[in-house]
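Text of the file run30.txt, holding compact mmCIF, C-alpha atoms:
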# COMPACT_ATOMS: atom_id res chain seq x y z
CA MET A 1 0.00 0.00 0.00
CA SER A 2 2.80 2.38 0.81
CA GLY A 3 3.89 2.57 -2.79
CA TYR A 4 0.81 4.57 -3.70
CA PHE A 5 1.61 7.60 -1.57
CA SER A 6 4.08 10.36 -2.28
CA GLY A 7 6.30 11.80 0.37
CA LEU A 8 6.41 8.47 2.18
CA ARG A 9 10.14 8.24 2.63
CA ARG A 10 10.38 11.79 3.86
CA ALA A 11 7.51 11.31 6.32
CA ARG A 12 9.25 8.44 8.06
CA GLY A 13 11.53 9.15 10.94
CA PRO A 14 15.30 8.81 11.01
CA ARG A 15 16.53 5.47 9.78
CA ALA A 16 18.92 3.33 11.77
CA GLY A 17 22.41 4.56 11.06
CA SER A 18 21.30 8.10 10.27
CA PRO A 19 23.93 10.79 10.91
CA PRO A 20 23.82 12.04 14.51
CA LEU A 21 22.28 15.40 15.24
CA THR A 22 24.64 18.35 15.02
CA PRO A 23 25.01 20.61 18.08
CA ARG A 24 23.05 23.30 16.26
CA ALA A 25 20.21 20.87 15.48
CA ARG A 26 20.13 19.75 19.12
CA ARG A 27 19.92 23.37 20.19
CA ILE A 28 17.05 24.02 17.80
CA ILE A 29 15.12 21.02 19.11
CA GLY A 30 15.79 21.87 22.76
CA LEU A 31 14.78 25.51 22.43
CA ASN A 32 11.71 24.54 20.41
CA ASN A 33 10.69 22.16 23.20
CA GLY A 34 11.11 24.95 25.75
CA PHE A 35 9.21 27.47 23.64
CA GLN A 36 6.29 25.16 22.93
CA LEU A 37 6.02 24.06 26.56
CA LEU A 38 6.09 27.56 28.08
CA PHE A 39 4.10 29.34 25.38
CA ASN A 40 1.19 26.90 25.66
CA LEU A 41 1.27 26.49 29.44
CA LEU A 42 -1.95 28.33 30.27
CA TRP A 43 -2.38 27.91 34.01
CA TRP A 44 -5.82 29.53 33.89
CA MET A 45 -7.35 26.97 31.54
CA PRO A 46 -9.06 24.77 34.20
CA VAL A 47 -10.56 27.76 36.05
CA PHE A 48 -11.18 30.50 33.49
CA TYR A 49 -14.96 29.97 33.43
CA ALA A 50 -15.30 30.22 37.22
CA TYR A 51 -12.80 33.08 37.31
CA GLN A 52 -14.88 35.12 34.88
CA ARG A 53 -18.08 34.34 36.77
CA GLU A 54 -16.47 35.61 39.97
CA ALA A 55 -15.44 38.76 38.08
CA GLY A 56 -19.11 39.44 37.36
CA LEU A 57 -19.52 38.11 33.81
CA ASN A 58 -22.62 36.11 32.93
CA ASP A 59 -22.80 33.05 30.69
CA GLY A 60 -23.82 35.08 27.65
CA GLN A 61 -20.78 37.31 28.00
CA ILE A 62 -18.41 34.41 28.66
CA PHE A 63 -19.50 32.33 25.66
CA GLY A 64 -19.81 35.44 23.52
CA ILE A 65 -16.13 36.16 24.15
CA GLN A 66 -15.30 32.58 23.15
CA SER A 67 -17.17 33.01 19.86
CA ILE A 68 -15.32 36.24 19.16
CA TYR A 69 -12.04 34.46 19.95
CA TYR A 70 -12.55 31.74 17.33
CA VAL A 71 -13.59 34.23 14.68
CA ALA A 72 -10.60 36.44 15.50
CA PHE A 73 -8.25 33.46 15.32
CA CYS A 74 -9.37 32.68 11.77
CA LEU A 75 -9.08 36.33 10.71
CA PHE A 76 -5.57 36.63 12.16
CA GLU A 77 -4.20 33.42 10.64
CA ILE A 78 -3.54 34.60 7.07
CA PRO A 79 -1.91 37.98 7.84
CA THR A 80 0.23 36.53 10.62
CA GLY A 81 1.34 33.67 8.38
CA MET A 82 2.41 36.19 5.76
CA VAL A 83 4.17 38.23 8.45
CA ALA A 84 6.14 35.12 9.42
CA ASP A 85 7.21 34.54 5.83
CA ARG A 86 8.19 38.20 5.49
CA ILE A 87 10.04 38.97 8.75
CA GLY A 88 11.20 35.42 9.42
CA ALA A 89 9.75 32.67 11.59
CA ARG A 90 12.14 33.39 14.47
CA ASN A 91 11.09 37.04 14.70
CA CYS A 92 7.45 36.01 14.48
CA LEU A 93 7.90 33.65 17.43
CA ARG A 94 9.38 36.49 19.45
CA ALA A 95 6.47 38.77 18.57
CA GLY A 96 3.96 36.09 19.48
CA ALA A 97 5.59 35.53 22.88
CA VAL A 98 5.49 39.26 23.63
CA VAL A 99 1.80 39.44 22.71
CA MET A 100 0.98 36.34 24.76
CA THR A 101 2.75 37.73 27.83
CA ALA A 102 0.73 40.93 27.63
CA ALA A 103 -2.47 38.97 26.94
CA ASN A 104 -2.18 36.99 30.17
CA LEU A 105 -1.72 40.14 32.20
CA ALA A 106 -4.87 41.82 30.86
CA PRO A 107 -7.31 40.09 33.28
CA VAL A 108 -5.03 40.97 36.21
CA LEU A 109 -5.00 44.64 35.29
CA SER A 110 -8.68 44.76 34.31
CA PRO A 111 -10.83 41.87 35.65
CA SER A 112 -13.87 42.97 33.64
CA TYR A 113 -15.66 42.13 30.39
CA ALA A 114 -13.38 44.50 28.49
CA GLY A 115 -10.30 43.03 30.13
CA PHE A 116 -11.25 39.46 29.29
CA LEU A 117 -12.22 40.42 25.74
CA VAL A 118 -8.82 42.05 25.21
CA HIS A 119 -7.24 38.99 26.84
CA PHE A 120 -8.75 36.53 24.36
CA LEU A 121 -8.27 38.76 21.33
CA ALA A 122 -4.59 39.11 22.21
CA ILE A 123 -4.32 35.35 22.72
CA ALA A 124 -5.81 34.81 19.26
CA ALA A 125 -3.20 37.20 17.83
CA GLY A 126 -0.31 35.64 19.77
CA ARG A 127 -1.21 32.07 18.92
CA SER A 128 -1.82 32.86 15.27
CA LEU A 129 1.60 34.51 15.10
CA THR A 130 3.23 31.26 16.21
CA SER A 131 0.91 28.54 14.87
CA GLY A 132 2.60 28.30 11.48
CA ALA A 133 5.90 29.99 12.32
CA ALA A 134 6.92 27.49 15.00
CA SER A 135 6.47 24.48 12.75
CA ALA A 136 8.08 26.28 9.79
CA TYR A 137 11.13 27.28 11.87
CA LEU A 138 11.64 23.76 13.23
CA TYR A 139 11.19 22.12 9.82
CA ASP A 140 13.49 24.51 7.96
CA GLY A 141 16.04 24.62 10.77
CA LEU A 142 16.45 20.85 10.91
CA ALA A 143 16.47 20.58 7.12
CA ALA A 144 19.30 23.14 6.96
CA GLU A 145 21.30 20.96 9.36
CA GLY A 146 20.69 17.81 7.32
CA ALA A 147 18.46 16.51 10.12
CA GLY A 148 15.08 16.68 8.40
CA GLU A 149 14.39 13.04 9.25
CA HIS A 150 14.26 14.03 12.92
CA TYR A 151 11.42 16.52 12.44
CA LEU A 152 8.56 14.12 13.20
CA LYS A 153 10.14 12.98 16.45
CA ALA A 154 10.94 16.58 17.44
CA GLU A 155 7.39 17.74 16.73
CA GLY A 156 5.88 14.91 18.75
CA GLN A 157 8.36 15.34 21.58
CA ALA A 158 7.55 19.04 21.94
CA ARG A 159 3.84 18.26 22.08
CA ALA A 160 4.36 15.48 24.62
CA LEU A 161 6.42 17.69 26.94
CA GLY A 162 3.80 20.44 26.78
CA LEU A 163 1.03 18.01 27.67
CA ALA A 164 3.07 16.54 30.51
CA ALA A 165 3.65 20.02 31.93
CA LYS A 166 -0.11 20.63 31.97
CA VAL A 167 -0.72 17.39 33.87
CA LEU A 168 1.80 18.47 36.53
CA CYS A 169 0.75 22.12 36.77
CA TRP A 170 -3.03 22.17 36.44
CA PRO A 171 -3.70 20.36 39.78
CA LEU A 172 -1.78 23.17 41.53
CA VAL A 173 -4.04 25.94 40.25
CA GLY A 174 -6.66 25.62 43.02
CA PRO A 175 -4.21 25.87 45.95
CA LEU A 176 -2.31 28.71 44.25
CA MET A 177 -5.53 30.67 43.73
CA ALA A 178 -6.25 30.31 47.46
CA LEU A 179 -2.95 32.06 48.15
CA ALA A 180 -3.28 34.70 45.43
CA HIS A 181 -6.45 34.93 43.35
CA PRO A 182 -4.77 36.21 40.11
CA ALA A 183 -2.05 33.52 40.34
CA PRO A 184 -3.20 31.52 37.26
CA TYR A 185 -2.90 34.56 34.99
CA VAL A 186 0.34 35.82 36.54
CA LEU A 187 1.93 32.37 36.16
CA SER A 188 0.70 32.15 32.57
CA ALA A 189 2.30 35.51 31.83
CA ALA A 190 5.55 34.32 33.46
CA SER A 191 5.48 31.17 31.32
CA ALA A 192 4.94 33.23 28.16
CA ALA A 193 7.86 35.45 29.16
CA GLY A 194 9.97 32.30 29.48
CA SER A 195 8.98 31.32 25.95
CA LEU A 196 10.18 34.74 24.81
CA VAL A 197 13.60 33.96 26.26
CA CYS A 198 13.68 30.72 24.26
CA ALA A 199 12.68 32.58 21.09
CA VAL A 200 15.34 35.25 21.62
CA VAL A 201 18.17 32.71 21.83
CA LEU A 202 16.96 30.58 18.91
CA PRO A 203 19.76 30.38 16.32
CA ARG A 204 19.39 32.18 13.02
CA GLN A 205 18.45 29.90 10.15
CA ALA A 206 21.58 28.58 8.47
CA THR A 207 20.09 29.08 5.02
CA ALA A 208 17.29 31.19 3.67
CA ARG A 209 14.59 30.04 1.31
CA ALA A 210 14.46 31.52 -2.13
CA GLY A 211 11.63 33.83 -1.17
CA ASP A 212 13.57 35.14 1.82
CA ARG A 213 16.65 35.86 -0.29
CA ALA A 214 14.57 37.71 -2.86
CA ARG A 215 13.05 39.92 -0.17
CA ALA A 216 16.49 40.57 1.29
CA LYS A 217 17.56 42.01 -2.05
CA GLY A 218 15.00 44.77 -1.82
CA THR A 219 11.47 43.62 -2.53
CA PRO A 220 9.31 46.61 -1.59
CA ARG A 221 7.46 46.25 1.71
CA ASP A 222 4.23 47.86 0.61
CA GLY A 223 0.70 46.83 1.42
CA LEU A 224 0.32 45.00 -1.88
CA ALA A 225 3.18 42.70 -0.90
CA PHE A 226 0.94 40.96 1.60
CA LEU A 227 -1.71 40.46 -1.07
CA ARG A 228 0.92 38.98 -3.35
CA GLU A 229 2.00 36.59 -0.57
CA ALA A 230 -1.60 35.46 -0.03
CA THR A 231 -2.14 35.02 -3.75
CA LYS A 232 1.08 33.03 -4.00
CA ALA A 233 -0.05 30.73 -1.18
CA LEU A 234 -3.46 30.10 -2.73
CA ARG A 235 -1.90 29.47 -6.14
CA CYS A 236 0.47 27.02 -4.49
CA VAL A 237 -2.44 25.06 -3.04
CA TRP A 238 -4.23 25.13 -6.39
CA ALA A 239 -1.13 24.03 -8.29
CA THR A 240 -0.29 21.31 -5.75
CA PRO A 241 -3.39 19.10 -5.40
CA TRP A 242 -1.48 16.72 -3.15
CA LEU A 243 -0.97 19.50 -0.59
CA GLY A 244 -4.67 20.37 -0.58
CA LEU A 245 -5.66 16.73 -0.14
CA ILE A 246 -3.24 16.25 2.74
CA MET A 247 -4.66 19.36 4.43
CA LEU A 248 -8.21 18.05 4.02
CA GLN A 249 -7.22 14.69 5.48
CA GLY A 250 -6.10 16.40 8.69
CA VAL A 251 -9.41 18.20 9.19
CA ALA A 252 -10.97 15.09 10.73
CA VAL A 253 -8.20 14.75 13.32
CA PHE A 254 -8.42 18.39 14.40
CA THR A 255 -12.23 18.56 14.42
CA LEU A 256 -12.78 15.34 16.33
CA SER A 257 -10.15 16.16 18.94
CA ARG A 258 -11.34 19.75 19.43
CA ILE A 259 -15.04 18.86 19.63
CA CYS A 260 -14.37 16.04 22.08
CA GLN A 261 -11.96 17.89 24.37
CA VAL A 262 -13.85 21.21 24.42
CA ASN A 263 -17.52 20.57 23.67
CA LEU A 264 -18.32 16.92 24.39
CA PHE A 265 -15.94 15.90 27.17
CA GLN A 266 -18.20 16.86 30.10
CA PRO A 267 -21.52 15.93 28.42
CA ILE A 268 -20.22 12.41 27.72
CA LEU A 269 -19.05 11.93 31.31
CA LEU A 270 -22.23 13.37 32.83
CA ASP A 271 -24.37 11.23 30.53
CA HIS A 272 -22.75 8.16 32.08
CA GLY A 273 -23.16 9.34 35.66
CA ILE A 274 -19.52 10.32 36.21
CA PRO A 275 -19.56 13.18 38.76
CA GLU A 276 -17.92 16.52 38.07
CA SER A 277 -15.43 15.96 40.88
CA SER A 278 -13.88 13.17 38.79
CA HIS A 279 -13.65 15.11 35.54
CA GLY A 280 -10.25 16.60 36.37
CA GLY A 281 -8.78 13.14 36.97
CA VAL A 282 -10.19 11.83 33.71
CA LEU A 283 -8.81 14.85 31.83
CA ALA A 284 -5.39 14.28 33.41
CA ALA A 285 -5.45 10.61 32.36
CA MET A 286 -6.37 11.60 28.81
CA THR A 287 -3.57 14.14 28.73
CA VAL A 288 -1.03 11.56 29.88
CA ALA A 289 -2.21 9.14 27.17
CA GLU A 290 -1.91 11.84 24.51
CA ALA A 291 1.52 12.91 25.73
CA VAL A 292 2.91 9.37 25.67
CA ALA A 293 1.56 8.72 22.17
CA SER A 294 2.84 12.07 20.86
CA ALA A 295 6.36 11.15 21.95
CA ARG A 296 6.22 7.64 20.44
CA PRO A 297 4.76 7.72 16.90
CA GLN A 298 7.06 4.82 15.97
CA TRP A 299 4.71 2.54 17.87
CA LEU A 300 2.39 2.73 14.89
CA GLY A 301 4.51 0.22 13.02
CA SER A 302 5.57 0.14 9.39
CA ARG A 303 2.98 -1.84 7.46
CA LEU A 304 1.00 1.22 6.35
CA SER A 305 2.09 4.50 4.80
CA PRO A 306 1.89 7.68 6.91
CA VAL A 307 -1.04 8.92 4.82
CA ALA A 308 -2.94 5.70 5.40
CA TRP A 309 -2.11 5.85 9.10
CA VAL A 310 -3.67 9.31 9.47
CA SER A 311 -6.89 8.12 7.86
CA LEU A 312 -6.94 4.99 10.00
CA LEU A 313 -6.30 7.00 13.15
CA SER A 314 -9.14 9.36 12.23
CA LEU A 315 -11.46 6.36 11.96
CA ALA A 316 -10.20 5.06 15.31
CA MET A 317 -10.96 8.41 16.97
CA ALA A 318 -14.51 8.41 15.59
CA ALA A 319 -15.00 4.77 16.62
CA ALA A 320 -13.84 5.47 20.16
CA LEU A 321 -16.38 8.28 20.53
CA ALA A 322 -19.18 6.14 19.07
CA GLY A 323 -18.19 3.20 21.28
CA SER A 324 -18.58 5.35 24.37
CA THR A 325 -22.36 5.12 23.90
CA LEU A 326 -22.34 1.35 24.53
CA GLY A 327 -20.44 0.86 27.80
CA GLY A 328 -20.51 1.89 31.42
CA PRO A 329 -18.48 4.59 33.18
CA TRP A 330 -15.17 2.72 33.21
CA THR A 331 -15.55 1.75 29.56
CA VAL A 332 -16.19 5.38 28.69
CA ILE A 333 -13.09 6.53 30.58
CA ALA A 334 -10.98 3.86 28.87
CA LEU A 335 -12.30 4.83 25.42
CA LEU A 336 -11.63 8.51 26.07
CA CYS A 337 -8.04 7.65 26.99
CA VAL A 338 -7.75 5.60 23.79
CA PHE A 339 -9.18 8.56 21.89
CA ALA A 340 -6.54 10.85 23.43
CA ALA A 341 -3.72 8.43 22.63
CA VAL A 342 -4.82 8.14 19.00
CA THR A 343 -4.92 11.94 18.83
CA GLY A 344 -1.35 12.04 20.13
CA PHE A 345 -0.20 9.68 17.38
CA ALA A 346 -2.02 11.55 14.63
CA TYR A 347 -1.05 15.19 15.26
CA PRO A 348 2.74 15.09 14.68
CA LEU A 349 2.36 12.65 11.77
CA GLN A 350 -0.17 14.88 10.01
CA ARG A 351 2.00 17.96 10.61
CA LYS A 352 4.98 16.20 9.04
CA LEU A 353 2.94 15.17 5.99
CA VAL A 354 1.75 18.74 5.40
CA ASN A 355 5.26 20.17 5.71
CA ASP A 356 6.63 17.56 3.30
CA ALA A 357 3.90 18.38 0.78
CA ILE A 358 4.78 22.10 0.69
CA PRO A 359 6.94 22.80 -2.40
CA ALA A 360 10.40 24.29 -1.97
CA GLY A 361 10.36 28.08 -1.98
CA ALA A 362 6.66 28.29 -1.10
CA PRO A 363 5.55 30.55 1.81
CA ARG A 364 5.53 27.76 4.38
CA ALA A 365 4.15 29.70 7.38
CA THR A 366 1.35 31.19 5.27
CA LEU A 367 0.36 27.76 3.95
CA LEU A 368 0.35 26.32 7.47
CA SER A 369 -1.94 29.18 8.45
CA VAL A 370 -4.24 28.26 5.55
CA GLU A 371 -4.42 24.74 6.96
CA SER A 372 -5.23 26.14 10.41
CA ILE A 373 -8.05 28.28 9.00
CA VAL A 374 -9.58 25.29 7.21
CA ASP A 375 -9.40 23.20 10.39
CA ARG A 376 -11.05 25.86 12.54
CA ALA A 377 -13.71 26.72 9.97
CA VAL A 378 -14.85 23.10 9.83
CA CYS A 379 -14.61 22.85 13.60
CA ALA A 380 -16.84 25.92 13.97
CA LEU A 381 -19.50 24.26 11.80
CA ALA A 382 -19.17 21.02 13.75
CA ALA A 383 -19.59 22.90 17.03
CA VAL A 384 -22.86 24.40 15.79
CA ALA A 385 -24.11 20.95 14.82
CA ALA A 386 -22.99 19.51 18.17
CA GLY A 387 -24.91 22.22 20.01
CA ALA A 388 -28.06 21.39 18.05
CA TYR A 389 -27.76 17.68 18.83
CA LEU A 390 -27.13 18.33 22.53
CA SER A 391 -30.05 20.75 22.76
CA ALA A 392 -32.28 18.01 21.36
CA GLY A 393 -30.90 15.44 23.83
CA ARG A 394 -29.37 13.34 21.06
CA LEU A 395 -25.79 12.88 22.24
CA ASP A 396 -25.63 9.22 21.18
CA ALA A 397 -26.90 10.07 17.70
CA LEU A 398 -24.28 12.81 17.39
CA LEU A 399 -21.45 10.39 18.19
CA TRP A 400 -22.67 7.72 15.78
CA HIS A 401 -23.35 10.19 12.99
CA SER A 402 -19.87 11.67 13.49
CA ALA A 403 -18.36 8.20 13.11
CA LEU A 404 -20.38 7.56 9.95
CA VAL A 405 -19.44 10.88 8.33
CA THR A 406 -15.77 10.40 9.24
CA GLY A 407 -15.78 6.90 7.75
CA VAL A 408 -17.30 8.03 4.45
CA VAL A 409 -14.96 11.03 4.15
CA MET A 410 -11.85 8.98 4.90
CA VAL A 411 -12.73 6.27 2.38
CA VAL A 412 -13.36 8.86 -0.35
CA LEU A 413 -10.16 10.72 0.48
CA GLN A 414 -8.08 7.54 0.36
CA LEU A 415 -9.43 6.75 -3.10
CA VAL A 416 -8.68 10.28 -4.30
CA LEU A 417 -5.20 10.21 -2.72
CA ARG A 418 -4.38 6.93 -4.45
CA ARG A 419 -5.47 8.36 -7.78
CA ALA A 420 -3.46 11.54 -7.19
CA ALA A 421 -0.40 9.50 -6.28
CA ARG A 422 -0.66 7.47 -9.50
CA ARG A 423 -0.89 10.67 -11.52
CA ARG A 424 2.33 11.84 -9.94
CA ARG A 425 3.87 8.50 -11.00
CA VAL A 426 5.30 7.76 -7.61
CA PRO A 427 7.35 4.54 -7.92
CA PRO A 428 6.47 1.78 -5.48
CA ASP A 429 8.83 1.20 -2.58
CA THR A 430 11.61 -1.19 -3.40
CA GLU A 431 12.89 -1.53 0.15
CA PRO A 432 11.21 -2.51 3.42
CA VAL A 433 10.08 0.17 5.81
CA PRO A 434 12.15 -0.29 8.96
CA GLU A 435 9.99 2.02 11.09
CA LEU A 436 8.00 5.23 11.06
CA VAL A 437 10.34 6.96 13.49
CA THR A 438 13.47 5.47 14.99
CA THR A 439 14.13 6.74 18.48
CA ALA A 440 16.32 4.00 19.89
CA GLY A 441 19.74 5.46 20.38
CA ASN A 442 18.56 8.97 19.57
CA PRO A 443 18.39 11.51 22.39
Mind turning the file's structure into structure tokens?
Amino acid sequence: MSGYFSGLRRARGPRAGSPPLTPRARRIIGLNNGFQLLFNLLWWMPVFYAYQREAGLNDGQIFGIQSIYYVAFCLFEIPTGMVADRIGARNCLRAGAVVMTAANLAPVLSPSYAGFLVHFLAIAAGRSLTSGAASAYLYDGLAAEGAGEHYLKAEGQARALGLAAKVLCWPLVGPLMALAHPAPYVLSAASAAGSLVCAVVLPRQATARAGDRARAKGTPRDGLAFLREATKALRCVWATPWLGLIMLQGVAVFTLSRICQVNLFQPILLDHGIPESSHGGVLAAMTVAEAVASARPQWLGSRLSPVAWVSLLSLAMAAALAGSTLGGPWTVIALLCVFAAVTGFAYPLQRKLVNDAIPAGAPRATLLSVESIVDRAVCALAAVAAGAYLSAGRLDALLWHSALVTGVVMVVLQLVLRRAARRRRVPPDTEPVPELVTTAGNP
């Protein structure tokens, strides 16, 4: 099966006997791990709803701010992706860390509707500044050091460390708030400031892409330049059908994980009689499962291609959610942990496939932002549908219908991907696949 998919060799991890990482590559990976961990360590996440209620906001205001946040995130993605391609991914990471630090201080300085609105708008801006730039910097940085095969492991490792940090830190939020009420936001700002330190000491890229060199020679920095960058990105997607198909394949992973972890997590547990006091423990267990899987994508084996694995993992996520309608409380908890583990496997693999599909010289950060917009747009539609199902008391139907839609979409996509691969005349593999990612012996 693997012979039908392009980019397969590149999407695998480092082979046995691969050259060791250079000191510069190790530094890039280490600083990326630190940046991702600290930037995404939002101490206020488990308590932000209660915190805003205590500040005097009602449910309409709280959920209204969340709606504005998602819309703002989509609107910020394209311009910030183009900014990253123009000023450089490293500078964009620094800017994002500065914005995130200020964003986390807003509720401390103004614990009001306006303060929380500014807080979430700034978070949308900060995260959109880094969403494509971080992956682009890591991918290009390792490629420049001849260590591109290590990208998948590095991406998964960074995600795993960030998830592990949340498991360790989130249980401390309650006691810290008892000592100092604004502690979750102050600690989040301190973490973001730490990510800024990591971004400041990131090494300059060893080589520049063709587009970067052209801009360095004096491309005018007028307003139309951003339009040209956006047009270039869209033309790239249009001219590279494989890239568009790979992006579409990842929509299922993002949508299922986001809808489960944000919208359906508590309704599923409550529907099975699991009390709210146990929800934190279940969430911690899910986070551990996702962190372990993110750090070990090589456990997937080598019989299927990476593209086929992503589709299979998407089906497994949908099946786990649908299966939760059939068992008791412990079965539901086990299936949610399986769901989280599958999510951990899928995310770094899908990110690697998208990066490999981007042509050389294309605006990488902008294209990654395009992918992010597509993911969140579909997720927004799915959230509306989920709300309608829940309002009608049809949670079980929602989960089964989600599994059915995911199954149909994945089958169709696999057929289209096979046809696209044949058109590209990708030769079948002539050597066995030793593993998806080799980590034995690698630090």
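Residues in contact with A:Leu256 at up to 9 Å, not including ones fewer than 6 positions away on its chain and judged by all atoms listed in the file, are Ser314, Met317, Ala318, Leu321, Thr343, Cys379, Ala382 and Ser402 of chain A.
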> Quick one, how far is atom CA of A:Ala316 from atom CA of A:Met410?
Replying inline: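 Separation between atom CA of A:Ala316 and atom CA of A:Met410: 11.2 Å.
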Can you tell me, as a PDB file with C-alpha atoms, in the frame of the given file, what residues are no more than 12 Å from A:Tyr70 when counting all atoms listed in the file, ignoring any on the same chain fewer than 3 positions away?
ATOM      1  CA  PHE A  63     -19.500  32.330  25.660  1.00  0.00           C
ATOM      2  CA  GLY A  64     -19.810  35.440  23.520  1.00  0.00           C
ATOM      3  CA  ILE A  65     -16.130  36.160  24.150  1.00  0.00           C
ATOM      4  CA  GLN A  66     -15.300  32.580  23.150  1.00  0.00           C
ATOM      5  CA  SER A  67     -17.170  33.010  19.860  1.00  0.00           C
ATOM      6  CA  PHE A  73      -8.250  33.460  15.320  1.00  0.00           C
ATOM      7  CA  CYS A  74      -9.370  32.680  11.770  1.00  0.00           C
ATOM      8  CA  LEU A  75      -9.080  36.330  10.710  1.00  0.00           C
ATOM      9  CA  PHE A  76      -5.570  36.630  12.160  1.00  0.00           C
ATOM     10  CA  GLU A  77      -4.200  33.420  10.640  1.00  0.00           C
ATOM     11  CA  PHE A 120      -8.750  36.530  24.360  1.00  0.00           C
ATOM     12  CA  LEU A 121      -8.270  38.760  21.330  1.00  0.00           C
ATOM     13  CA  ALA A 122      -4.590  39.110  22.210  1.00  0.00           C
ATOM     14  CA  ILE A 123      -4.320  35.350  22.720  1.00  0.00           C
ATOM     15  CA  ALA A 124      -5.810  34.810  19.260  1.00  0.00           C
ATOM     16  CA  ALA A 125      -3.200  37.200  17.830  1.00  0.00           C
ATOM     17  CA  ARG A 127      -1.210  32.070  18.920  1.00  0.00           C
ATOM     18  CA  SER A 128      -1.820  32.860  15.270  1.00  0.00           C
ATOM     19  CA  SER A 372      -5.230  26.140  10.410  1.00  0.00           C
ATOM     20  CA  ILE A 373      -8.050  28.280   9.000  1.00  0.00           C
ATOM     21  CA  ASP A 375      -9.400  23.200  10.390  1.00  0.00           C
ATOM     22  CA  ARG A 376     -11.050  25.860  12.540  1.00  0.00           C
ATOM     23  CA  ALA A 377     -13.710  26.720   9.970  1.00  0.00           C
ATOM     24  CA  VAL A 378     -14.850  23.100   9.830  1.00  0.00           C
ATOM     25  CA  CYS A 379     -14.610  22.850  13.600  1.00  0.00           C
ATOM     26  CA  ALA A 380     -16.840  25.920  13.970  1.00  0.00           C
ATOM     27  CA  LEU A 381     -19.500  24.260  11.800  1.00  0.00           C
ATOM     28  CA  ALA A 383     -19.590  22.900  17.030  1.00  0.00           C
TER      29      ALA A 383
END
>> Counting only C-alpha atoms, which residue out of A:Val197, A:Ala319, A:Ala385, A:Leu417 sits closest to A:Leu404?
In response: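 Ranked by minimum distance to A:Leu404, first place goes to A:Ala319.
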> Between A:Ala192, A:Ala106, A:Ile333, A:Ala158, which one has atoms that come closest to A:His272, using all atoms listed in the file?
Replying inline: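 Closest to A:His272 of all the choices is A:Ile333.
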>> So the first atom is atom CA of A:Pro46 and the second is atom CA of A:Leu398; what is the distance between them in Å, to one decimal place?
In response: 25.6 Å
> What does the distance between atom CA of A:Trp299 and atom CA of A:Leu37 come to in Å, to one decimal place?
Replying inline: 23.2 Å
> Restricting the calculation to all atoms listed in the file, which member of A:Gly244, A:Pro111, A:Pro175, A:Pro306 is positioned closest to A:Pro348?
Replying inline: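 That would be A:Pro306, the residue with the smallest distance to A:Pro348.
Residues surrounding A:Ile246 within 9 Å are Pro241, Trp242, Leu243, Gln249, Gly250, Val307, Gln350, Leu353, Val354, Ala357 and Leu417 of chain A [only C-alpha atoms; sequence separation below 3 positions excluded].
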